[in-house]
Amino acid sequence: MALLGRTANGLFWMFRYIERAENTARLLDAGQRIALTNLSAEPDEWQSVLVSAGVEAAYAAKYQEYDPDTVVDFMLCDRDNPSSVRASLETARTNGRMVRTALSRELWEAVNESWLVIQRRLASPVTARELPAVIDLVKRQGALIRGTFQTTMLRNEIFDFCNLGAFIERADNTARILDVKYWLLLPEHSQVGSALDNFQWRSILRSVSAHRSYAWEYDGEYRAVNIIDFLMLNRRMPRSLAYCYTVIEESLKYLNRNYEVRHPCFETATEINQRLSDASVRQTIDGGLHEFIEAFIRDNNRLAQEIGQNYRFYPTA
Amino acid sequence: MNSFDEMLTANDEVREPYARFYEWFREQDADALGEKAGEAEAFFRRTGITFNVYGQEEAAERLIPFDLVPRIMAKAEWDNLAEGIEQRVTALNAFLDDLYHDQEIIKAGIVPERLITGNEAFLEEMRGFRPPGGVYTHIIGTDIVRCGENEFYVLEDNARTPSGVSYMIENRETMMQMFPELFSQNRVRPVETYPHHLRRSLAAVAPPACEGTPTIAVLTPGIYNSAFFEHAFLADQMGVELIEGSDVAEIDGRIQMRTTEGYKPIDVIYRRVDDAFLDPKVFNPDSMLGIPGIMEVYKNGGITIANAPGTGISDDKAIYSYMPEIVEFYTGAKAKLQNVPTWRCAEDDSLKYVLDHLEELVVKEVHGSGGYGMLVGPTSTREEREIFAEKLKKRPTNYIAQPTLALSTVPILVDGGLAPRHVDLRPFVLVSDKVRIIPGGLTRVALKEGSLVVNSSQGGGTKDTWVLRD
């Protein structure tokens, strides 16, 4: 059966938003940890959470102060913030509803139920004390959706478009976290071993749910080179840029085989992936970490657009 | 009002079709059944079996309440009904073919010409055109009410885009999940084969341009349409594409859908978009829901549209009162299913009668649906009747009136056990190479005690409907 371009688009964005809802929750989790340490006197931490989520401008348009409660509410419940947990899930579910004929009944129900449960929870304000439980709920529903996706969906092009959406979003998210905190990882900064820095680094790892796996992969010490390697280049770390591009390239390869045509987006993806394979941590730092990440975010976006064009997500005028 | 109860006789004896069910019911624990009702609601909510209510921002998706007590029909009752339905839908298609060709029925003086020409449901564009297979209305939902043991009336023919079939199937699914034992105790004919029959029916009327296995698609106005769930459900169950207007374009004389691999022609389209919005090049030019150019492709044999444009003329309320004559004219036999007696307000004597008896009658607008443009005499206030009388006098041709029918009742589950409520029935009929009628249909039930309004938009619910094998 043929797959409509609009359906492919709906699948892609449904999974981007499912991924985004969880990323937002994870950023809040990390933000709150730092706030609780009281080591940082600056309210900057909450601001950097907003920057990492790419919603700082939208926040600033609405509020002047970076008050923790306001930031949390903006990131969790605010419908004006398209990346808030609530808005993301709503968009994911709307897309899911539109493409439900392409989903297994179990997957659709997991998405619909997650939306129902979380929306109900977020209908009333979340206090600081309740925040951990809410974040946990969001992560658990995300796990339910992903698990159902993995175990009930046919491995066809529908599966591939979902994966493309999820991993392009995830790559974008990891890159943004790095971009906001890159200065911490620069050699000229490192007051290595200071309590604050340890917490900062730990928080970076926590925001990608990887503080424990880091310890397995490297020695227990937080070193800039290892953190950069872990989040960018390590292909065993499921949220690293390189891992995301392993899945992206693979998904596009399946599509090539399925449709028996190779589109420009495939070349773009292999090129980005190659860049991640060729890079070493040292080189990346010397060549400018910030510039490297900026270029990555830009190219990742370009790839998303090319996928949309090549697989006819939208009607061409 | 004395209504016929489908489960109990006047002496409170349980009628035959309900015997086994009633026995089962008496053994159930009332609280447990109440819990089951809650389970059913959670199930509908989770699967997203909802309908949209226009103009409500919050909670825009509503559930149609589901009642656990099945409505049960004996084999003989159903067989009679099915025969009558088959005769009626055959006549509807013959009537449409005649109206768009020679109009013999007008020449014979049976249906007045003024009701056809100038009626906006009659499409000039269809004149002289015969759709593939000669079928005009492929999917019909005949609304039937029962007033006595052997007294069934057709209330409406719904020959345009009847909805509700997804509820028929999901209601059965829910019942089978909750009370599997009921289905081993009773021999109930299946309804879940509907999508399979629908697909076959549609494939059997492929257009001349079709090569090989027909490609079928369901056309929906989109996720904000009140029946979107059903559109998605049917496409899913048939294994066909669910498309919106923006997914397709007219290319090389075919209607083609934009897929991830480029454009692919569609052979048969089951459209759930009204005539007026179907083709902005021909009908409403502002329509964003339709497919520009589809009418031309259609007339050149490039696509089959189900139901055909212009079928609305056959279920028009102004035509309804002529149905017994229409059936006889085309089938050569008396109509097996009765019409509800109807006063045409366009006729002076009838108008006078209607105005004198407003408090007993149901007055309906000729163009309109959903129960909004109507007056239910017995439950109306004096003021409402006065306002309606003015409307009637101003534009009598706009209205018909019918007696308030004593709709039959079927029990529903209430706190204290069972209580009778009024019901109607919408069986679903497929017309193609042959007529396929799914045994049962959608039973709508007025949940409020004494109420006769079964519409889901006004507090109606639904029930699983059983037709027994023996």
# chains A, B, ... in the order shown; residues from 1 in each chain; ligands from 1

$ interface_residues --of "chain B" --to "chain A" --cutoff "9 Å" --atoms "only C-alpha atoms" --output "list in words"
Arg45, Arg46, Thr47, Gly48, Gly222, Ile223, Phe228, Phe229, Ala232, Phe233, Ala235, Asp236, Gln237, Gly239, Val240, Glu241, Leu242, Ile243, Ser246, Asp247, Val248, Met257, Arg258, Thr259, Thr260, Glu261, Gly262 and Lys264 of chain B

$ write_last_selection --atoms "N, CA and C atoms" --output "PDB file, in the first residue's frame"
ATOM      1  N   ARG B  45     -12.858   6.017  25.440  1.00  0.00           N
ATOM      2  CA  ARG B  45     -12.014   7.193  25.582  1.00  0.00           C
ATOM      3  C   ARG B  45     -10.587   6.877  25.111  1.00  0.00           C
ATOM      4  N   ARG B  46     -10.084   5.729  25.558  1.00  0.00           N
ATOM      5  CA  ARG B  46      -8.705   5.372  25.221  1.00  0.00           C
ATOM      6  C   ARG B  46      -8.545   5.109  23.734  1.00  0.00           C
ATOM      7  N   THR B  47      -9.517   4.423  23.128  1.00  0.00           N
ATOM      8  CA  THR B  47      -9.402   4.154  21.693  1.00  0.00           C
ATOM      9  C   THR B  47      -9.756   5.375  20.867  1.00  0.00           C
ATOM     10  N   GLY B  48     -10.260   6.425  21.521  1.00  0.00           N
ATOM     11  CA  GLY B  48     -10.554   7.655  20.779  1.00  0.00           C
ATOM     12  C   GLY B  48     -11.809   7.541  19.933  1.00  0.00           C
ATOM     13  N   GLY B 222     -11.279  16.080   7.306  1.00  0.00           N
ATOM     14  CA  GLY B 222     -10.135  16.293   8.194  1.00  0.00           C
ATOM     15  C   GLY B 222     -10.449  16.000   9.643  1.00  0.00           C
ATOM     16  N   ILE B 223      -9.435  16.178  10.499  1.00  0.00           N
ATOM     17  CA  ILE B 223      -9.571  15.736  11.886  1.00  0.00           C
ATOM     18  C   ILE B 223     -10.586  16.554  12.687  1.00  0.00           C
ATOM     19  N   PHE B 228     -14.735  12.318  12.102  1.00  0.00           N
ATOM     20  CA  PHE B 228     -13.393  11.932  11.666  1.00  0.00           C
ATOM     21  C   PHE B 228     -12.993  10.546  12.156  1.00  0.00           C
ATOM     22  N   PHE B 229     -13.367  10.246  13.392  1.00  0.00           N
ATOM     23  CA  PHE B 229     -13.008   8.924  13.910  1.00  0.00           C
ATOM     24  C   PHE B 229     -13.513   7.818  12.981  1.00  0.00           C
ATOM     25  N   ALA B 232     -11.471   7.535   9.685  1.00  0.00           N
ATOM     26  CA  ALA B 232     -10.193   6.865   9.909  1.00  0.00           C
ATOM     27  C   ALA B 232     -10.417   5.373  10.160  1.00  0.00           C
ATOM     28  N   PHE B 233     -11.449   5.082  10.944  1.00  0.00           N
ATOM     29  CA  PHE B 233     -11.771   3.706  11.285  1.00  0.00           C
ATOM     30  C   PHE B 233     -12.062   2.881  10.024  1.00  0.00           C
ATOM     31  N   ALA B 235     -11.272   3.538   6.836  1.00  0.00           N
ATOM     32  CA  ALA B 235     -10.099   3.407   5.971  1.00  0.00           C
ATOM     33  C   ALA B 235      -9.177   2.334   6.541  1.00  0.00           C
ATOM     34  N   ASP B 236      -8.994   2.386   7.848  1.00  0.00           N
ATOM     35  CA  ASP B 236      -8.129   1.440   8.529  1.00  0.00           C
ATOM     36  C   ASP B 236      -8.636   0.011   8.361  1.00  0.00           C
ATOM     37  N   GLN B 237      -9.916  -0.177   8.638  1.00  0.00           N
ATOM     38  CA  GLN B 237     -10.484  -1.523   8.576  1.00  0.00           C
ATOM     39  C   GLN B 237     -10.513  -2.081   7.159  1.00  0.00           C
ATOM     40  N   GLY B 239      -8.282  -1.202   4.957  1.00  0.00           N
ATOM     41  CA  GLY B 239      -6.909  -1.211   4.456  1.00  0.00           C
ATOM     42  C   GLY B 239      -6.753  -0.346   3.221  1.00  0.00           C
ATOM     43  N   VAL B 240      -7.394   0.825   3.241  1.00  0.00           N
ATOM     44  CA  VAL B 240      -7.266   1.756   2.120  1.00  0.00           C
ATOM     45  C   VAL B 240      -6.779   3.105   2.645  1.00  0.00           C
ATOM     46  N   GLU B 241      -6.463   4.015   1.731  1.00  0.00           N
ATOM     47  CA  GLU B 241      -5.947   5.306   2.150  1.00  0.00           C
ATOM     48  C   GLU B 241      -7.042   6.212   2.698  1.00  0.00           C
ATOM     49  N   LEU B 242      -6.681   7.012   3.690  1.00  0.00           N
ATOM     50  CA  LEU B 242      -7.562   8.062   4.183  1.00  0.00           C
ATOM     51  C   LEU B 242      -6.997   9.372   3.652  1.00  0.00           C
ATOM     52  N   ILE B 243      -7.725  10.015   2.770  1.00  0.00           N
ATOM     53  CA  ILE B 243      -7.159  11.214   2.143  1.00  0.00           C
ATOM     54  C   ILE B 243      -7.964  12.473   2.470  1.00  0.00           C
ATOM     55  N   SER B 246      -6.250  18.054   0.111  1.00  0.00           N
ATOM     56  CA  SER B 246      -4.896  18.536  -0.200  1.00  0.00           C
ATOM     57  C   SER B 246      -3.945  17.404  -0.587  1.00  0.00           C
ATOM     58  N   ASP B 247      -4.372  16.160  -0.435  1.00  0.00           N
ATOM     59  CA  ASP B 247      -3.511  15.025  -0.787  1.00  0.00           C
ATOM     60  C   ASP B 247      -3.610  14.631  -2.251  1.00  0.00           C
ATOM     61  N   VAL B 248      -4.594  15.196  -2.936  1.00  0.00           N
ATOM     62  CA  VAL B 248      -4.817  14.716  -4.296  1.00  0.00           C
ATOM     63  C   VAL B 248      -4.854  15.863  -5.297  1.00  0.00           C
ATOM     64  N   MET B 257      -3.207  10.641  -5.891  1.00  0.00           N
ATOM     65  CA  MET B 257      -2.815  11.040  -4.530  1.00  0.00           C
ATOM     66  C   MET B 257      -1.300  11.170  -4.421  1.00  0.00           C
ATOM     67  N   ARG B 258      -0.879  12.147  -3.607  1.00  0.00           N
ATOM     68  CA  ARG B 258       0.547  12.413  -3.419  1.00  0.00           C
ATOM     69  C   ARG B 258       1.115  11.430  -2.403  1.00  0.00           C
ATOM     70  N   THR B 259       1.901  10.494  -2.872  1.00  0.00           N
ATOM     71  CA  THR B 259       2.502   9.540  -1.952  1.00  0.00           C
ATOM     72  C   THR B 259       3.981   9.870  -1.803  1.00  0.00           C
ATOM     73  N   THR B 260       4.639   9.166  -0.911  1.00  0.00           N
ATOM     74  CA  THR B 260       6.069   9.385  -0.698  1.00  0.00           C
ATOM     75  C   THR B 260       6.871   9.021  -1.940  1.00  0.00           C
ATOM     76  N   GLU B 261       6.216   8.323  -2.880  1.00  0.00           N
ATOM     77  CA  GLU B 261       6.912   7.939  -4.116  1.00  0.00           C
ATOM     78  C   GLU B 261       6.387   8.680  -5.333  1.00  0.00           C
ATOM     79  N   GLY B 262       5.582   9.712  -5.120  1.00  0.00           N
ATOM     80  CA  GLY B 262       5.027  10.435  -6.255  1.00  0.00           C
ATOM     81  C   GLY B 262       3.526  10.205  -6.354  1.00  0.00           C
ATOM     82  N   LYS B 264      -0.122   8.735  -7.471  1.00  0.00           N
ATOM     83  CA  LYS B 264      -0.709   7.439  -7.830  1.00  0.00           C
ATOM     84  C   LYS B 264      -2.212   7.606  -8.027  1.00  0.00           C
TER      85      LYS B 264
END

$ residues_around --residues "Lys62 of chain A" --least-positions-apart "5" --cutoff "10 Å" --atoms "only C-alpha atoms" --output "list of chain:residue names"
A:Ala57, A:Phe74, A:Asp80

$ residues_around --residues "segment 75-85 of chain B" --least-positions-apart "2" --cutoff "6 Å" --atoms "only C-alpha atoms" --output "ChimeraX atom specification"
/B:87-88,336-337,468-470

$ residues_around --residues "Arg127 of chain B" --least-positions-apart "4" --cutoff "8 Å" --atoms "only C-alpha atoms" --output "ChimeraX atom specification"
/B:99-101,123

$ write_last_selection --atoms "N, CA and C atoms" --output "mmCIF file, in the first residue's frame"
data_model
loop_
_atom_site.group_PDB
_atom_site.id
_atom_site.type_symbol
_atom_site.label_atom_id
_atom_site.label_comp_id
_atom_site.auth_asym_id
_atom_site.auth_seq_id
_atom_site.Cartn_x
_atom_site.Cartn_y
_atom_site.Cartn_z
ATOM 1 N N LEU B 99 -34.484 10.126 -12.514
ATOM 2 C CA LEU B 99 -34.462 11.590 -12.367
ATOM 3 C C LEU B 99 -33.364 12.217 -13.209
ATOM 4 N N TYR B 100 -32.224 11.554 -13.299
ATOM 5 C CA TYR B 100 -31.107 12.130 -14.049
ATOM 6 C C TYR B 100 -31.132 11.731 -15.521
ATOM 7 N N HIS B 101 -32.165 10.971 -15.925
ATOM 8 C CA HIS B 101 -32.311 10.655 -17.346
ATOM 9 C C HIS B 101 -33.685 11.073 -17.864
ATOM 10 N N LEU B 123 -28.754 17.849 -8.821
ATOM 11 C CA LEU B 123 -27.598 18.449 -9.487
ATOM 12 C C LEU B 123 -27.724 18.342 -11.010
#

$ closest_atom_pairs --of "segment 307-410 of chain B" --to "segment 275-284 of chain B" --cutoff "10 Å" --atoms "only C-alpha atoms" --output "JSON lines"
{"residue": "B:Asn307", "atom": "CA", "partner": "B:Asp275", "partner_atom": "CA", "distance": 9.6}
{"residue": "B:Ala308", "atom": "CA", "partner": "B:Asp275", "partner_atom": "CA", "distance": 8.8}
{"residue": "B:Pro309", "atom": "CA", "partner": "B:Asp275", "partner_atom": "CA", "distance": 5.7}
{"residue": "B:Gly310", "atom": "CA", "partner": "B:Asp275", "partner_atom": "CA", "distance": 7.0}
{"residue": "B:Thr311", "atom": "CA", "partner": "B:Asp275", "partner_atom": "CA", "distance": 9.0}
{"residue": "B:Gly312", "atom": "CA", "partner": "B:Asp275", "partner_atom": "CA", "distance": 8.6}

$ residues_around --residues "segment 172-189 of chain B" --least-positions-apart "5" --cutoff "9 Å" --atoms "only C-alpha atoms" --output "short mmCIF file (atom, residue, chain, number, x, y, z; two decimals) with C-alpha atoms, in the first residue's frame"
data_model
loop_
_atom_site.label_atom_id
_atom_site.label_comp_id
_atom_site.auth_asym_id
_atom_site.auth_seq_id
_atom_site.Cartn_x
_atom_site.Cartn_y
_atom_site.Cartn_z
CA ARG B 20 -31.57 -15.99 27.40
CA PHE B 21 -30.31 -12.49 27.95
CA TRP B 24 -28.22 -14.01 32.35
CA LYS B 36 -18.51 -2.59 33.57
CA GLU B 39 -14.96 0.23 31.90
CA ALA B 40 -16.73 0.60 28.60
CA PHE B 43 -12.30 1.88 26.64
CA PHE B 44 -14.03 4.28 24.24
CA LEU B 68 -24.78 -2.27 28.02
CA PRO B 70 -28.31 -5.17 23.85
CA TYR B 167 -20.27 2.71 16.47
CA ILE B 438 -25.47 -6.01 7.61
CA PRO B 439 -27.72 -7.79 10.14
CA GLY B 440 -28.45 -5.29 12.88
CA LYS B 463 -26.65 0.09 22.04
CA ASP B 464 -25.29 -3.06 20.52
CA THR B 465 -27.93 -4.51 18.21
CA TRP B 466 -28.32 -8.25 17.88
CA VAL B 467 -29.97 -10.22 15.15
CA LEU B 468 -30.33 -13.82 16.25
CA ARG B 469 -29.60 -16.70 13.92
CA ASP B 470 -32.56 -18.74 15.07
#

$ closest_residue --among "B:Ala42, B:Leu407, B:Ala121, B:Ile105" --to "Asp274 of chain B" --atoms "only C-alpha atoms"
B:Ala121

$ closest_residue --among "A:Asp136, A:Ala171, A:Asp44, A:Gln141" --to "Asn273 of chain A" --atoms "only C-alpha atoms"
A:Ala171

$ closest_atom_pairs --of "segment 98-141 of chain A" --to "segment 23-31 of chain A" --cutoff "8 Å" --atoms "only C-alpha atoms" --output "JSON lines"
{"residue": "A:Pro132", "atom": "CA", "partner": "A:Asp29", "partner_atom": "CA", "distance": 7.3}
{"residue": "A:Ile135", "atom": "CA", "partner": "A:Ala25", "partner_atom": "CA", "distance": 5.5}
{"residue": "A:Val138", "atom": "CA", "partner": "A:Ala25", "partner_atom": "CA", "distance": 6.9}
{"residue": "A:Lys139", "atom": "CA", "partner": "A:Ala25", "partner_atom": "CA", "distance": 7.5}

$ atom_distance --atom1 "atom CA of Ile18 of chain A" --atom2 "atom CA of Gly142 of chain A"
7.0 Å

$ select_by_dssp --residues "segment 235-404 of chain B" --states "strand (DSSP E)" --output "ChimeraX atom specification"
/B:241-243,248-251,254-259,262-265,268-271,304-306,338-339,343-344,361-365,374-376,399-403

$ write_last_selection --atoms "N, CA and C atoms" --output "short mmCIF file (atom, residue, chain, number, x, y, z; two decimals), in the first residue's frame"
data_model
loop_
_atom_site.label_atom_id
_atom_site.label_comp_id
_atom_site.auth_asym_id
_atom_site.auth_seq_id
_atom_site.Cartn_x
_atom_site.Cartn_y
_atom_site.Cartn_z
N GLU B 241 -6.46 4.01 1.73
CA GLU B 241 -5.95 5.31 2.15
C GLU B 241 -7.04 6.21 2.70
N LEU B 242 -6.68 7.01 3.69
CA LEU B 242 -7.56 8.06 4.18
C LEU B 242 -7.00 9.37 3.65
N ILE B 243 -7.73 10.02 2.77
CA ILE B 243 -7.16 11.21 2.14
C ILE B 243 -7.96 12.47 2.47
N VAL B 248 -4.59 15.20 -2.94
CA VAL B 248 -4.82 14.72 -4.30
C VAL B 248 -4.85 15.86 -5.30
N ALA B 249 -4.64 15.51 -6.54
CA ALA B 249 -4.71 16.49 -7.61
C ALA B 249 -5.18 15.79 -8.87
N GLU B 250 -5.74 16.57 -9.78
CA GLU B 250 -6.14 16.01 -11.06
C GLU B 250 -4.92 16.06 -11.97
N ILE B 251 -4.46 14.90 -12.38
CA ILE B 251 -3.29 14.80 -13.25
C ILE B 251 -3.59 13.80 -14.36
N ARG B 254 -6.82 11.78 -14.40
CA ARG B 254 -7.14 10.92 -13.24
C ARG B 254 -7.02 11.75 -11.97
N ILE B 255 -7.68 11.27 -10.90
CA ILE B 255 -7.46 11.86 -9.59
C ILE B 255 -6.33 11.06 -8.95
N GLN B 256 -5.26 11.76 -8.59
CA GLN B 256 -4.08 11.06 -8.10
C GLN B 256 -3.68 11.57 -6.71
N MET B 257 -3.21 10.64 -5.89
CA MET B 257 -2.82 11.04 -4.53
C MET B 257 -1.30 11.17 -4.42
N ARG B 258 -0.88 12.15 -3.61
CA ARG B 258 0.55 12.41 -3.42
C ARG B 258 1.12 11.43 -2.40
N THR B 259 1.90 10.49 -2.87
CA THR B 259 2.50 9.54 -1.95
C THR B 259 3.98 9.87 -1.80
N GLY B 262 5.58 9.71 -5.12
CA GLY B 262 5.03 10.44 -6.25
C GLY B 262 3.53 10.21 -6.35
N TYR B 263 2.93 10.61 -7.46
CA TYR B 263 1.48 10.56 -7.60
C TYR B 263 0.98 9.20 -8.08
N LYS B 264 -0.12 8.74 -7.47
CA LYS B 264 -0.71 7.44 -7.83
C LYS B 264 -2.21 7.61 -8.03
N PRO B 265 -2.76 7.06 -9.12
CA PRO B 265 -4.20 7.25 -9.38
C PRO B 265 -5.10 6.50 -8.40
N VAL B 268 -11.56 4.39 -6.91
CA VAL B 268 -12.86 4.57 -6.26
C VAL B 268 -12.67 5.42 -5.02
N ILE B 269 -13.49 6.44 -4.88
CA ILE B 269 -13.36 7.30 -3.73
C ILE B 269 -14.64 7.25 -2.92
N TYR B 270 -14.52 6.85 -1.65
CA TYR B 270 -15.66 6.89 -0.74
C TYR B 270 -15.56 8.22 -0.04
N ARG B 271 -16.38 9.16 -0.47
CA ARG B 271 -16.20 10.52 0.02
C ARG B 271 -17.15 10.77 1.19
N THR B 304 -14.69 6.59 -9.69
CA THR B 304 -16.04 6.37 -9.17
C THR B 304 -16.17 7.13 -7.86
N ILE B 305 -17.26 7.86 -7.72
CA ILE B 305 -17.51 8.59 -6.48
C ILE B 305 -18.67 7.91 -5.75
N ALA B 306 -18.43 7.52 -4.51
CA ALA B 306 -19.49 6.90 -3.72
C ALA B 306 -19.69 7.72 -2.45
N GLN B 338 -43.40 0.51 5.59
CA GLN B 338 -44.31 1.65 5.57
C GLN B 338 -43.58 2.97 5.76
N ASN B 339 -44.19 3.99 5.22
CA ASN B 339 -43.77 5.36 5.47
C ASN B 339 -44.53 5.87 6.69
N TRP B 343 -47.89 14.98 6.40
CA TRP B 343 -48.60 16.12 5.82
C TRP B 343 -47.61 17.04 5.13
N ARG B 344 -47.90 17.33 3.87
CA ARG B 344 -47.05 18.27 3.15
C ARG B 344 -47.65 19.66 3.35
N LEU B 361 -48.07 17.09 16.74
CA LEU B 361 -47.27 16.71 15.58
C LEU B 361 -45.77 17.01 15.75
N VAL B 362 -44.99 16.34 14.91
CA VAL B 362 -43.59 16.72 14.78
C VAL B 362 -43.48 17.44 13.45
N VAL B 363 -43.01 18.68 13.48
CA VAL B 363 -42.87 19.43 12.23
C VAL B 363 -41.39 19.50 11.88
N LYS B 364 -41.07 19.17 10.63
CA LYS B 364 -39.66 19.13 10.23
C LYS B 364 -39.41 20.06 9.07
N GLU B 365 -38.23 20.63 9.07
CA GLU B 365 -37.81 21.44 7.95
C GLU B 365 -37.44 20.50 6.80
N MET B 374 -36.57 21.60 13.91
CA MET B 374 -37.85 20.90 14.05
C MET B 374 -38.59 21.29 15.32
N LEU B 375 -39.89 20.99 15.30
CA LEU B 375 -40.71 21.24 16.47
C LEU B 375 -41.32 19.91 16.90
N VAL B 376 -41.08 19.52 18.15
CA VAL B 376 -41.71 18.31 18.66
C VAL B 376 -42.92 18.77 19.48
N TYR B 399 -41.86 22.93 5.00
CA TYR B 399 -42.12 22.01 6.11
C TYR B 399 -43.00 20.82 5.77
N ILE B 400 -42.72 19.75 6.51
CA ILE B 400 -43.64 18.62 6.51
C ILE B 400 -43.98 18.33 7.98
N ALA B 401 -45.08 17.62 8.20
CA ALA B 401 -45.42 17.28 9.58
C ALA B 401 -45.81 15.81 9.66
N GLN B 402 -45.49 15.23 10.79
CA GLN B 402 -45.81 13.82 11.01
C GLN B 402 -46.39 13.65 12.41
N PRO B 403 -47.19 12.60 12.60
CA PRO B 403 -47.70 12.36 13.95
C PRO B 403 -46.54 12.01 14.87
#

$ closest_residue --among "A:Leu76, A:Leu178, A:Trp46, A:Leu107" --to "Thr152 of chain A" --atoms "only C-alpha atoms"
A:Leu107

$ closest_residue --among "B:Thr137, B:Ser350, B:Ser166, B:Thr381" --to "Asp315 of chain B" --atoms "only C-alpha atoms"
B:Thr137

$ decode --residues "segment 45-73 of chain A" --atoms "C-alpha atoms" --output "mmCIF file, in the first residue's frame"
data_model
loop_
_atom_site.group_PDB
_atom_site.id
_atom_site.type_symbol
_atom_site.label_atom_id
_atom_site.label_comp_id
_atom_site.auth_asym_id
_atom_site.auth_seq_id
_atom_site.Cartn_x
_atom_site.Cartn_y
_atom_site.Cartn_z
ATOM 1 C CA GLU A 45 20.373 28.269 35.416
ATOM 2 C CA TRP A 46 16.679 28.519 34.615
ATOM 3 C CA GLN A 47 17.439 30.830 31.759
ATOM 4 C CA SER A 48 19.825 28.303 30.293
ATOM 5 C CA VAL A 49 17.132 25.636 30.562
ATOM 6 C CA LEU A 50 14.938 27.877 28.399
ATOM 7 C CA VAL A 51 17.756 28.472 25.931
ATOM 8 C CA SER A 52 18.450 24.747 25.691
ATOM 9 C CA ALA A 53 14.813 24.147 24.881
ATOM 10 C CA GLY A 54 14.957 26.898 22.252
ATOM 11 C CA VAL A 55 12.100 28.838 23.846
ATOM 12 C CA GLU A 56 13.886 31.677 25.573
ATOM 13 C CA ALA A 57 12.587 34.369 23.218
ATOM 14 C CA ALA A 58 8.999 33.182 23.659
ATOM 15 C CA TYR A 59 9.473 33.242 27.419
ATOM 16 C CA ALA A 60 11.035 36.686 27.421
ATOM 17 C CA ALA A 61 8.108 38.003 25.408
ATOM 18 C CA LYS A 62 5.793 36.963 28.215
ATOM 19 C CA TYR A 63 7.790 37.377 31.434
ATOM 20 C CA GLN A 64 10.599 39.609 32.710
ATOM 21 C CA GLU A 65 11.896 37.502 35.582
ATOM 22 C CA TYR A 66 13.354 34.013 35.574
ATOM 23 C CA ASP A 67 11.314 32.897 38.515
ATOM 24 C CA PRO A 68 11.564 29.082 38.932
ATOM 25 C CA ASP A 69 7.804 28.526 39.246
ATOM 26 C CA THR A 70 7.105 30.590 36.160
ATOM 27 C CA VAL A 71 9.752 28.785 34.140
ATOM 28 C CA VAL A 72 8.462 25.400 35.246
ATOM 29 C CA ASP A 73 4.908 26.336 34.381
#
